[in-house]
$ cat coords.cif   # mmCIF, C-alpha atoms and all ligand atoms
data_coords
#
loop_
_atom_site.label_atom_id
_atom_site.label_comp_id
_atom_site.auth_asym_id
_atom_site.auth_seq_id
_atom_site.Cartn_x
_atom_site.Cartn_y
_atom_site.Cartn_z
CA MET H 1112 65.25 -117.15 -31.39
CA ALA H 1113 65.57 -113.43 -32.18
CA ILE H 1114 65.81 -114.18 -35.93
CA ILE H 1115 62.57 -116.17 -35.75
CA LYS H 1116 60.81 -113.20 -34.11
CA VAL H 1117 62.08 -110.89 -36.87
CA ILE H 1118 60.89 -113.30 -39.58
CA VAL H 1119 57.46 -113.67 -37.93
CA ALA H 1120 57.11 -109.89 -37.53
CA PHE H 1121 58.22 -109.24 -41.13
CA THR H 1122 55.78 -111.87 -42.45
CA GLY H 1123 52.99 -110.36 -40.39
CA ILE H 1124 53.67 -106.86 -41.77
CA CYS H 1125 53.71 -108.21 -45.36
CA LEU H 1126 50.43 -110.06 -44.86
CA ALA H 1127 48.81 -107.04 -43.22
CA PHE H 1128 49.94 -104.85 -46.11
CA TYR H 1129 48.66 -107.40 -48.65
CA PHE H 1130 45.26 -107.76 -47.04
CA TYR H 1131 44.71 -104.18 -45.96
CA SER H 1132 46.58 -102.06 -48.51
CA GLY H 1133 43.55 -102.18 -50.83
CA THR H 1134 43.98 -100.33 -54.09
CA ASP H 1135 40.22 -99.77 -54.57
CA VAL H 1136 39.47 -96.21 -55.54
CA PHE H 1137 36.16 -94.68 -54.46
CA GLU H 1138 34.14 -92.56 -56.91
CA ASP H 1139 31.06 -90.53 -55.96
CA ASP H 1140 29.31 -92.07 -58.99
CA MET H 1141 29.30 -95.41 -57.16
CA LEU H 1142 26.32 -94.13 -55.17
CA LYS H 1143 24.50 -92.42 -58.08
CA GLY H 1144 20.96 -93.80 -58.36
CA LYS H 1145 21.57 -96.30 -55.54
CA LYS H 1146 18.73 -97.03 -53.09
CA VAL H 1147 19.95 -96.38 -49.55
CA ILE H 1148 18.46 -96.62 -46.05
CA VAL H 1149 20.21 -94.61 -43.32
CA THR H 1150 19.06 -95.22 -39.75
CA GLY H 1151 19.74 -92.80 -36.92
CA ALA H 1152 19.79 -90.05 -39.55
CA SER H 1153 18.19 -87.15 -37.65
CA SER H 1154 21.54 -86.05 -36.17
CA GLY H 1155 25.21 -86.84 -35.82
CA ILE H 1156 27.06 -89.24 -38.08
CA GLY H 1157 23.83 -90.60 -39.58
CA GLU H 1158 22.71 -87.13 -40.63
CA GLN H 1159 26.08 -86.54 -42.29
CA MET H 1160 25.93 -89.91 -44.08
CA ALA H 1161 22.49 -89.01 -45.46
CA TYR H 1162 23.95 -85.76 -46.81
CA HIS H 1163 26.88 -87.54 -48.45
CA VAL H 1164 24.75 -90.11 -50.29
CA ALA H 1165 22.26 -87.37 -51.24
CA ARG H 1166 25.10 -85.29 -52.72
CA MET H 1167 26.20 -88.41 -54.67
CA GLY H 1168 22.72 -88.73 -56.22
CA SER H 1169 21.27 -91.66 -54.27
CA HIS H 1170 17.64 -92.41 -53.48
CA VAL H 1171 17.58 -92.00 -49.69
CA LEU H 1172 15.22 -93.21 -46.96
CA VAL H 1173 16.16 -91.75 -43.58
CA THR H 1174 14.76 -92.85 -40.24
CA ALA H 1175 14.87 -91.89 -36.55
CA ARG H 1176 12.25 -90.91 -33.93
CA THR H 1177 12.17 -87.10 -34.21
CA VAL H 1178 9.95 -85.89 -37.07
CA ASP H 1179 10.99 -82.23 -37.13
CA LYS H 1180 14.69 -83.17 -37.31
CA LEU H 1181 13.99 -85.71 -40.08
CA GLU H 1182 12.07 -83.12 -42.06
CA LYS H 1183 15.07 -80.78 -41.92
CA VAL H 1184 17.38 -83.60 -43.04
CA VAL H 1185 15.02 -84.40 -45.94
CA ALA H 1186 14.98 -80.76 -47.03
CA GLN H 1187 18.78 -80.59 -46.95
CA CYS H 1188 19.10 -83.88 -48.87
CA LYS H 1189 16.88 -82.43 -51.61
CA GLN H 1190 19.10 -79.33 -51.73
CA LEU H 1191 22.18 -81.53 -52.06
CA GLY H 1192 20.81 -83.38 -55.11
CA ALA H 1193 19.31 -86.64 -53.83
CA ALA H 1194 17.60 -88.60 -56.64
CA SER H 1195 14.73 -88.89 -54.15
CA VAL H 1196 14.43 -88.64 -50.37
CA HIS H 1197 11.83 -89.82 -47.89
CA TYR H 1198 11.66 -90.35 -44.13
CA ILE H 1199 9.86 -92.67 -41.76
CA ALA H 1200 9.78 -91.91 -38.04
CA GLY H 1201 9.65 -94.51 -35.30
CA ASN H 1202 11.40 -96.26 -32.44
CA MET H 1203 13.91 -99.05 -33.07
CA ASN H 1204 13.00 -100.67 -29.76
CA ASN H 1205 10.04 -102.00 -31.76
CA MET H 1206 10.97 -104.77 -34.18
CA THR H 1207 7.74 -104.30 -36.12
CA PHE H 1208 8.85 -100.75 -36.88
CA ALA H 1209 12.34 -101.98 -37.79
CA LYS H 1210 10.79 -104.28 -40.42
CA GLN H 1211 8.41 -101.51 -41.53
CA VAL H 1212 11.37 -99.29 -42.49
CA VAL H 1213 12.62 -101.97 -44.89
CA HIS H 1214 9.14 -102.56 -46.31
CA GLU H 1215 8.78 -98.80 -46.84
CA ALA H 1216 12.01 -98.81 -48.87
CA GLU H 1217 10.66 -101.69 -50.97
CA LYS H 1218 7.41 -99.79 -51.56
CA ILE H 1219 9.15 -96.50 -52.45
CA PHE H 1220 12.29 -97.74 -54.25
CA GLY H 1221 11.24 -101.21 -55.47
CA GLY H 1222 14.56 -102.50 -54.10
CA LEU H 1223 17.57 -101.72 -51.91
CA ASP H 1224 21.31 -101.37 -52.57
CA MET H 1225 22.75 -100.21 -49.24
CA LEU H 1226 21.45 -100.65 -45.68
CA ILE H 1227 23.30 -98.35 -43.27
CA LEU H 1228 22.66 -99.40 -39.66
CA ASN H 1229 23.75 -96.52 -37.44
CA HIS H 1230 21.22 -95.66 -34.70
CA ILE H 1231 21.88 -96.23 -31.00
CA GLY H 1232 19.69 -96.01 -27.95
CA TRP H 1233 20.43 -93.65 -25.06
CA THR H 1234 22.93 -94.87 -22.53
CA TYR H 1235 24.98 -93.32 -19.74
CA PHE H 1236 28.74 -92.79 -19.79
CA ASN H 1237 29.72 -93.77 -16.27
CA TYR H 1238 30.55 -96.81 -14.09
CA PHE H 1239 28.21 -99.76 -14.64
CA ASP H 1240 25.27 -99.32 -12.27
CA GLY H 1241 24.21 -102.95 -12.12
CA ASN H 1242 21.02 -102.35 -14.10
CA VAL H 1243 20.86 -105.39 -16.40
CA ASP H 1244 17.43 -104.32 -17.70
CA HIS H 1245 19.11 -101.32 -19.33
CA ILE H 1246 21.50 -103.67 -21.11
CA ARG H 1247 18.53 -105.70 -22.33
CA ASP H 1248 16.79 -102.55 -23.63
CA LEU H 1249 19.98 -101.38 -25.33
CA LEU H 1250 20.50 -104.77 -26.96
CA GLU H 1251 17.02 -104.44 -28.51
CA ILE H 1252 17.78 -101.06 -30.06
CA ASN H 1253 21.50 -101.41 -30.86
CA VAL H 1254 21.59 -105.06 -31.93
CA LEU H 1255 18.26 -106.84 -32.42
CA SER H 1256 16.80 -104.07 -34.60
CA TYR H 1257 19.96 -104.29 -36.77
CA ALA H 1258 19.50 -108.06 -37.11
CA THR H 1259 15.75 -107.61 -37.80
CA MET H 1260 16.37 -105.06 -40.55
CA THR H 1261 19.10 -107.25 -42.05
CA VAL H 1262 16.78 -110.26 -42.26
CA ALA H 1263 13.98 -108.16 -43.77
CA ALA H 1264 16.32 -106.49 -46.30
CA LEU H 1265 18.28 -109.58 -47.39
CA PRO H 1266 15.99 -110.61 -50.30
CA MET H 1267 16.39 -107.16 -51.87
CA LEU H 1268 20.12 -106.99 -51.10
CA LYS H 1269 20.67 -110.41 -52.70
CA LYS H 1270 18.98 -109.15 -55.89
CA SER H 1271 21.19 -106.03 -55.99
CA ASN H 1272 24.36 -107.68 -54.63
CA GLY H 1273 24.16 -104.83 -52.14
CA ASN H 1274 25.90 -103.74 -48.97
CA ILE H 1275 25.16 -103.83 -45.27
CA VAL H 1276 27.03 -101.11 -43.37
CA VAL H 1277 27.17 -101.52 -39.59
CA VAL H 1278 28.35 -98.56 -37.54
CA SER H 1279 30.18 -99.80 -34.47
CA SER H 1280 32.84 -98.40 -32.16
CA ILE H 1281 36.34 -98.97 -30.85
CA ALA H 1282 34.38 -99.88 -27.72
CA GLY H 1283 33.09 -102.85 -29.70
CA LYS H 1284 36.58 -104.16 -30.38
CA VAL H 1285 38.56 -103.12 -27.29
CA PRO H 1286 37.31 -103.26 -23.66
CA SER H 1287 36.29 -99.71 -22.70
CA PRO H 1288 35.41 -98.44 -19.20
CA LEU H 1289 32.40 -96.25 -18.41
CA SER H 1290 30.35 -97.79 -21.21
CA VAL H 1291 29.63 -101.40 -20.20
CA PRO H 1292 26.07 -101.52 -21.67
CA TYR H 1293 27.14 -99.72 -24.87
CA SER H 1294 30.28 -101.83 -25.30
CA THR H 1295 28.24 -105.01 -24.74
CA THR H 1296 26.00 -104.11 -27.67
CA LYS H 1297 28.88 -103.16 -29.96
CA PHE H 1298 30.80 -106.38 -29.29
CA ALA H 1299 27.55 -108.24 -30.06
CA LEU H 1300 27.38 -106.53 -33.47
CA ASP H 1301 30.86 -107.87 -34.29
CA GLY H 1302 29.80 -111.39 -33.33
CA PHE H 1303 26.59 -111.29 -35.32
CA PHE H 1304 27.76 -109.59 -38.52
CA SER H 1305 31.27 -111.06 -38.73
CA SER H 1306 29.77 -114.55 -38.35
CA LEU H 1307 27.02 -113.77 -40.88
CA ARG H 1308 29.70 -112.60 -43.34
CA ILE H 1309 31.34 -116.05 -43.20
CA GLU H 1310 27.98 -117.74 -43.84
CA PHE H 1311 27.46 -115.47 -46.86
CA VAL H 1312 30.79 -116.73 -48.23
CA GLN H 1313 29.79 -120.34 -47.58
CA GLN H 1314 26.43 -119.84 -49.31
CA LYS H 1315 27.90 -117.70 -52.13
CA ILE H 1316 25.67 -114.76 -51.16
CA ASP H 1317 27.23 -111.68 -52.76
CA VAL H 1318 26.12 -109.13 -50.14
CA SER H 1319 28.97 -107.29 -48.44
CA ILE H 1320 29.04 -106.54 -44.72
CA THR H 1321 31.15 -103.58 -43.63
CA LEU H 1322 31.75 -103.21 -39.88
CA CYS H 1323 32.83 -99.65 -39.05
CA VAL H 1324 35.11 -99.25 -36.04
CA ILE H 1325 35.22 -95.61 -35.02
CA SER H 1326 36.48 -93.69 -32.02
CA TYR H 1327 35.36 -90.44 -30.45
CA ILE H 1328 33.56 -88.19 -32.98
CA ASP H 1329 32.38 -84.58 -32.48
CA THR H 1330 28.66 -85.29 -32.46
CA ASP H 1331 26.57 -83.34 -29.96
CA SER H 1332 25.57 -86.44 -28.01
CA ALA H 1333 29.10 -87.80 -27.74
CA VAL H 1334 30.70 -84.50 -26.80
CA LYS H 1335 27.97 -83.90 -24.22
CA SER H 1336 28.47 -87.38 -22.76
CA VAL H 1337 32.24 -87.73 -22.67
CA SER H 1338 33.95 -84.35 -22.95
CA GLY H 1339 36.22 -83.69 -20.01
CA VAL H 1340 36.52 -87.40 -19.30
CA ILE H 1341 37.86 -88.68 -22.63
CA THR H 1342 41.17 -86.86 -23.10
CA GLN H 1343 41.53 -87.51 -26.85
CA PRO H 1344 40.09 -84.77 -29.12
CA PRO H 1345 36.95 -85.78 -31.09
CA ALA H 1346 37.28 -86.33 -34.86
CA PRO H 1347 35.02 -84.57 -37.42
CA LYS H 1348 31.64 -86.23 -38.05
CA LYS H 1349 31.47 -85.19 -41.72
CA GLU H 1350 34.78 -86.88 -42.57
CA CYS H 1351 33.91 -89.92 -40.47
CA ALA H 1352 30.58 -90.25 -42.29
CA LEU H 1353 32.32 -90.10 -45.69
CA GLU H 1354 34.84 -92.78 -44.72
CA ILE H 1355 31.96 -95.07 -43.70
CA ILE H 1356 30.15 -94.51 -47.03
CA LYS H 1357 33.38 -95.14 -48.97
CA GLY H 1358 34.06 -98.36 -47.04
CA GLY H 1359 30.56 -99.64 -47.71
CA ALA H 1360 30.66 -98.76 -51.41
CA LEU H 1361 34.07 -100.47 -51.76
CA ARG H 1362 32.65 -103.55 -49.97
CA LYS H 1363 35.35 -103.41 -47.27
CA ARG H 1364 35.07 -105.96 -44.46
CA GLU H 1365 35.94 -103.32 -41.87
CA VAL H 1366 36.47 -99.57 -41.83
CA TYR H 1367 38.71 -98.09 -39.12
CA TYR H 1368 38.24 -94.41 -38.45
CA LEU H 1369 40.30 -93.93 -35.32
CA TYR H 1370 42.35 -91.23 -33.75
CA ARG H 1371 46.02 -92.12 -34.22
CA ALA H 1372 46.72 -93.81 -30.91
CA ALA H 1373 43.55 -95.91 -31.06
CA LYS H 1374 45.13 -98.12 -33.72
CA ILE H 1375 47.65 -99.38 -31.16
CA PRO H 1376 45.02 -101.10 -28.94
CA LEU H 1377 43.83 -103.14 -31.91
CA LEU H 1378 47.34 -104.34 -32.60
CA ILE H 1379 48.11 -105.33 -28.99
CA ARG H 1380 44.57 -106.30 -27.91
CA ASP H 1381 45.27 -110.03 -27.86
CA TRP H 1382 49.03 -109.98 -27.27
CA ALA H 1383 49.40 -107.63 -24.29
CA PRO H 1384 46.01 -107.05 -22.60
CA GLU H 1385 47.54 -105.63 -19.41
CA PHE H 1386 49.58 -103.05 -21.39
CA LEU H 1387 46.42 -102.23 -23.34
CA GLU H 1388 44.53 -101.67 -20.10
CA TYR H 1389 47.30 -99.27 -18.96
CA LEU H 1390 47.05 -97.31 -22.25
CA THR H 1391 43.24 -97.26 -22.14
CA LEU H 1392 43.12 -95.84 -18.63
CA LYS H 1393 45.57 -93.09 -19.66
CA ASN H 1394 42.84 -91.85 -22.03
CA TYR H 1395 40.34 -91.23 -19.21
CA ASP H 1396 40.26 -88.50 -16.58
CA VAL H 1397 37.62 -89.85 -14.18
CA LYS H 1398 37.92 -86.97 -11.71
CA ASN H 1399 35.66 -85.03 -14.15
CA LEU H 1400 33.10 -87.81 -14.14
CA PRO H 1401 29.69 -86.58 -12.91
CA LYS H 1402 28.85 -88.16 -9.56
CA LYS H 1403 26.02 -90.69 -9.95
CA GLU H 1404 22.90 -89.85 -7.85
N1 LIG L 1501 29.98 -90.06 -31.69
C1 LIG L 1501 30.97 -90.87 -31.35
O1 LIG L 1501 31.96 -90.47 -30.70
C2 LIG L 1501 30.92 -92.30 -31.73
C3 LIG L 1501 29.78 -92.83 -32.33
N2 LIG L 1501 29.80 -94.15 -32.68
C4 LIG L 1501 28.63 -94.75 -33.30
O2 LIG L 1501 28.16 -93.93 -34.37
C5 LIG L 1501 26.74 -94.07 -34.48
C6 LIG L 1501 26.10 -92.70 -34.46
O3 LIG L 1501 26.51 -92.05 -33.27
P1 LIG L 1501 26.24 -90.49 -33.10
O4 LIG L 1501 26.05 -89.86 -34.43
O5 LIG L 1501 27.26 -89.95 -32.17
O6 LIG L 1501 24.83 -90.52 -32.33
P2 LIG L 1501 23.70 -89.41 -32.26
O7 LIG L 1501 23.16 -89.46 -30.87
O8 LIG L 1501 24.15 -88.13 -32.83
O9 LIG L 1501 22.57 -90.01 -33.26
C7 LIG L 1501 21.87 -91.15 -32.88
C8 LIG L 1501 20.74 -91.30 -33.89
O10 LIG L 1501 19.94 -92.42 -33.52
C9 LIG L 1501 18.58 -91.99 -33.38
N3 LIG L 1501 17.97 -92.77 -32.29
C10 LIG L 1501 18.26 -92.67 -30.96
N4 LIG L 1501 17.48 -93.52 -30.27
C11 LIG L 1501 16.68 -94.17 -31.19
C12 LIG L 1501 15.66 -95.14 -31.10
N5 LIG L 1501 15.28 -95.63 -29.91
N6 LIG L 1501 15.07 -95.56 -32.24
C13 LIG L 1501 15.45 -95.06 -33.44
N7 LIG L 1501 16.41 -94.13 -33.60
C14 LIG L 1501 17.02 -93.69 -32.48
C15 LIG L 1501 18.66 -90.51 -33.06
O11 LIG L 1501 17.52 -89.82 -33.50
P3 LIG L 1501 16.17 -89.62 -32.62
O12 LIG L 1501 16.58 -89.17 -31.25
O13 LIG L 1501 15.44 -88.58 -33.42
O14 LIG L 1501 15.50 -90.94 -32.63
C16 LIG L 1501 19.83 -90.09 -33.94
O15 LIG L 1501 19.40 -89.87 -35.25
C17 LIG L 1501 26.31 -94.96 -33.31
O16 LIG L 1501 26.17 -96.29 -33.75
C18 LIG L 1501 27.48 -94.86 -32.33
O17 LIG L 1501 27.61 -96.02 -31.53
C19 LIG L 1501 30.88 -94.98 -32.43
C20 LIG L 1501 31.99 -94.48 -31.82
C21 LIG L 1501 32.10 -93.10 -31.48
C1 LIG L 1502 33.75 -92.47 -26.26
C2 LIG L 1502 33.25 -93.71 -27.01
C3 LIG L 1502 32.52 -93.34 -28.24
C4 LIG L 1502 31.26 -92.66 -27.89
O1 LIG L 1502 31.05 -91.58 -28.36
C5 LIG L 1502 30.33 -93.36 -27.00
C6 LIG L 1502 31.07 -93.77 -25.71
C7 LIG L 1502 30.15 -94.65 -24.89
C8 LIG L 1502 28.88 -93.92 -24.52
C9 LIG L 1502 28.24 -93.28 -25.70
C10 LIG L 1502 26.88 -93.27 -25.79
C11 LIG L 1502 26.19 -92.58 -26.85
O2 LIG L 1502 24.95 -92.59 -26.87
C12 LIG L 1502 26.96 -91.81 -27.88
C13 LIG L 1502 28.33 -92.38 -28.04
C14 LIG L 1502 29.07 -92.56 -26.70
C15 LIG L 1502 29.37 -91.22 -26.08
C16 LIG L 1502 32.32 -94.55 -26.17
C17 LIG L 1502 33.23 -95.11 -25.09
C18 LIG L 1502 34.56 -95.33 -25.84
C19 LIG L 1502 34.36 -94.71 -27.24
C20 LIG L 1502 35.58 -94.10 -27.87
O3 LIG L 1502 35.48 -93.53 -28.92
C21 LIG L 1502 36.90 -94.18 -27.14
O4 LIG L 1502 37.93 -93.70 -28.01
#
$ encode --input "coords.cif" --output "structure tokens" --more "lines below"
Ligand SMILES: NC(=O)C1=CN([C@@H]2O[C@H](COP(=O)(O)OP(=O)(O)OC[C@H]3O[C@@H](n4cnc5c(N)ncnc54)[C@H](OP(=O)(O)O)[C@@H]3O)[C@@H](O)[C@H]2O)C=CC1
Ligand SMILES: C[C@]12CC(=O)[C@H]3[C@@H](CCC4=CC(=O)CC[C@@]43C)[C@@H]1CC[C@@H]2C(=O)CO
Amino acid sequence: MAIIKVIVAFTGICLAFYFYSGTDVFEDDMLKGKKVIVTGASSGIGEQMAYHVARMGSHVLVTARTVDKLEKVVAQCKQLGAASVHYIAGNMNNMTFAKQVVHEAEKIFGGLDMLILNHIGWTYFNYFDGNVDHIRDLLEINVLSYATMTVAALPMLKKSNGNIVVVSSIAGKVPSPLSVPYSTTKFALDGFFSSLRIEFVQQKIDVSITLCVISYIDTDSAVKSVSGVITQPPAPKKECALEIIKGGALRKREVYYLYRAAKIPLLIRDWAPEFLEYLTLKNYDVKNLPKKE
């Protein structure tokens, strides 16, 4: 019996190495002249992704709600060497606006190579408060606007054999406390885009879908929401943003940008859920959690 377990484990490690070792090498030139949309680009990881593709010489369309922040991002993208850069401001709770962003890219660029779906709506970081309407609102912004933009962009992405990059979270792969609404939306992204990827294979549609699984990053909003409660240190947003861009350009199915220990949950998620729960709870110090009014 023991020998069978060793053989199974060894086979699993070989298969994992074969499928995930990937020898693709990323070059900045891969993004030169490419037409790229970055959503949620007025701050955080999205802002850093806009800067990376600008530095690599892409044509960039950035979007979010806050005009003055977008204008600063546009100015910085120009400084960094973007082939061209534009912004469009609006709210992704409105599917008409979500489609408008894609149509704006078509009008400006005449096509699209990479759609980077990154924005998220506000949510709390605390015990679930029973408000299902908030989950519905968050699904609109975090999921349905991603699906809407994907549908609108697909004709252009088919022409360019382009990439869809979906920024998700470890909380969209592993059950995570204090973020029930957020985690609901991130798990939904996995269902939608991982299923769509299979249909692309069936239909021989050469558009890649890269799901990015990231853990705690040092963006202002995340640090403000979780510091003191999440015990792991946040990772740098600039490096995280670059890893996402690389994964999309290399047409990876998934990008994992996780703090060391976060890789363990993914390995044991389906084999030892109780042990995973024990490890997860060790990463939270709820005595620092703000008391809900
Ligand atoms: N930071 C982290 O620790 C982690 C982040 N992630 C994921 O990374 C992505 C980026 O996160 P992060 O950079 O921290 O987030 P930020 O809060 O820094 O940025 C969110 C962006 O989305 C925009 N946005 C917010 N609400 C709306 C809306 N209703 N309509 C359109 N745009 C909106 C914001 O701009 P504006 O307010 O101007 O609209 C901003 O540009 C998210 O998908 C998040 O889930 C995943 C795991 C960990
Ligand atoms: C902490 C973690 C990743 C995040 O940053 C999010 C948090 C859930 C609530 C959030 C809402 C936001 O608007 C910004 C992101 C965030 C603070 C997530 C719970 C688990 C995620 C994690 O990285 C654990 O390692």
$ closest_residue --input "coords.cif" --among "H:Ile1252, H:Ile1227, H:Ala1113, H:Ile1219" --to "Gly1201 of chain H" --atoms "all atoms listed in the file"
H:Ile1252
$ closest_residue --input "coords.cif" --among "H:Val1337, H:Leu1377, H:Met1167, H:Ile1355" --to "ligand LIG 1502 (chain L)" --atoms "all atoms listed in the file"
H:Val1337
$ residues_near_ligand --input "coords.cif" --ligand "ligand LIG 1501 (chain L)" --cutoff "8 Å" --atoms "all atoms listed in the file" --output "PyMOL selection string"
chain H and resi 1150-1158+1174-1178+1180-1181+1200-1204+1228-1233+1252-1253+1277-1282+1293+1297+1324-1334+1345-1346+1348
$ atom_distance --input "coords.cif" --atom1 "atom O2 of ligand LIG 1502 (chain L)" --atom2 "atom CA of Tyr1235 of chain H"
7.2 Å
$ residues_around --input "coords.cif" --residues "Thr1321 of chain H" --least-positions-apart "4" --cutoff "10 Å" --atoms "all atoms listed in the file" --output "list in words"
Ile1227, Asn1274, Ile1275, Val1276, Val1277, Val1278, Ser1279, Phe1304, Ser1305, Arg1308, Ile1355, Ile1356, Gly1358, Gly1359, Ala1360, Leu1361, Arg1362, Lys1363, Arg1364, Glu1365 and Val1366 of chain H
$ closest_residue --input "coords.cif" --among "H:Gly1302, H:Gly1192, H:Pro1347, H:Gly1283" --to "ligand LIG 1502 (chain L)" --atoms "all atoms listed in the file"
H:Gly1283
$ residues_around --input "coords.cif" --residues "Val1196 of chain H" --least-positions-apart "4" --cutoff "8 Å" --atoms "all atoms listed in the file" --output "number ranges by chain"
H: 1165, 1170-1173, 1185, 1188-1189
